[in-house]
Each structure stands twice: as structure tokens, then as C-alpha cells.
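Before any comments, here is the structure.
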Amino acid sequence: MKEHKAIAPTPVRLPEELKQWLKHKAVDNFRSLNSEIASRLEASRKAEEANHEKQA
């Protein structure tokens, strides 16, 4: 069985329209809302890092 790490909650306030959009995207991608947000943030981070490496 996979071991779970204790991750501290990070409350984030989102405009209701954005939250609803993310919920729909999570359903489309078979993810929880939390997983959808984490996935999108990770993709954004990778894109930003790649862009930064291009400029260096």
C-alpha cells in the first residue's frame, strides 16, 4: 500500500466562478478538485521553469 505523507492544509480563497470551472475540469479529468489544482499549478511551474531556462 502507498504511504501517505502528512501535508498541511493550504486554504485558498477562490472566486466562485473560478472554483466552479475548476470543479468541472476536475470531473472531466477524473480528479478531485485538490488534484486538479495541484496538477495545474505543477504544469504552470514547469512551464515557467522551462521558459526561464530558455532565457538563460
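Numbering starts fresh at 1 for the residues of each chain in the C-alpha cells, the chains themselves are lettered A, B, ... in the order given, and ligands are numbered from 1 as they appear.
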Neighbour list for region 2-16 of chain A as number ranges by chain, cut-off 12 Å, only C-alpha atoms, skip fewer than 2 positions in-chain | A: 18-23, 34, 37-38
Pull N, CA and C atoms from the residues just selected and write them as a PDB file, in the first residue's frame.
```pdb
ATOM      1  N   LEU A  18     -14.420  30.792 -10.669  1.00  0.00           N
ATOM      2  CA  LEU A  18     -13.202  30.025 -10.919  1.00  0.00           C
ATOM      3  C   LEU A  18     -13.275  28.659 -10.239  1.00  0.00           C
ATOM      4  N   LYS A  19     -13.788  28.620  -9.032  1.00  0.00           N
ATOM      5  CA  LYS A  19     -13.926  27.358  -8.304  1.00  0.00           C
ATOM      6  C   LYS A  19     -14.843  26.398  -9.057  1.00  0.00           C
ATOM      7  N   GLN A  20     -15.963  26.898  -9.552  1.00  0.00           N
ATOM      8  CA  GLN A  20     -16.895  26.053 -10.302  1.00  0.00           C
ATOM      9  C   GLN A  20     -16.256  25.538 -11.593  1.00  0.00           C
ATOM     10  N   TRP A  21     -15.508  26.391 -12.274  1.00  0.00           N
ATOM     11  CA  TRP A  21     -14.818  25.982 -13.500  1.00  0.00           C
ATOM     12  C   TRP A  21     -13.807  24.873 -13.192  1.00  0.00           C
ATOM     13  N   LEU A  22     -13.049  25.055 -12.112  1.00  0.00           N
ATOM     14  CA  LEU A  22     -12.067  24.036 -11.719  1.00  0.00           C
ATOM     15  C   LEU A  22     -12.749  22.721 -11.343  1.00  0.00           C
ATOM     16  N   LYS A  23     -13.892  22.802 -10.680  1.00  0.00           N
ATOM     17  CA  LYS A  23     -14.629  21.588 -10.329  1.00  0.00           C
ATOM     18  C   LYS A  23     -15.044  20.829 -11.582  1.00  0.00           C
ATOM     19  N   ASN A  34      -8.795  19.108  -5.470  1.00  0.00           N
ATOM     20  CA  ASN A  34      -7.446  19.321  -4.983  1.00  0.00           C
ATOM     21  C   ASN A  34      -6.406  18.844  -5.993  1.00  0.00           C
ATOM     22  N   ILE A  37      -6.216  21.209  -9.033  1.00  0.00           N
ATOM     23  CA  ILE A  37      -5.483  22.444  -8.733  1.00  0.00           C
ATOM     24  C   ILE A  37      -3.986  22.168  -8.671  1.00  0.00           C
ATOM     25  N   ALA A  38      -3.597  21.082  -7.978  1.00  0.00           N
ATOM     26  CA  ALA A  38      -2.177  20.740  -7.858  1.00  0.00           C
ATOM     27  C   ALA A  38      -1.568  20.449  -9.229  1.00  0.00           C
TER      28      ALA A  38
END
```
Residue neighbourhood Glu36 (chain A), 10 Å, only C-alpha atoms, exclusion window fewer than 3 positions, as JSON, numbers by chain = {"A": [22, 23, 24, 25, 26, 27, 28, 29, 30, 31, 32, 33, 39, 40, 41, 42]}
Step one, run DSSP on the backbone; step two, keep only residues of chain A assigned to alpha helix (DSSP H); then write them as a PyMOL selection string.
-> chain A and resi 16-28+33-55
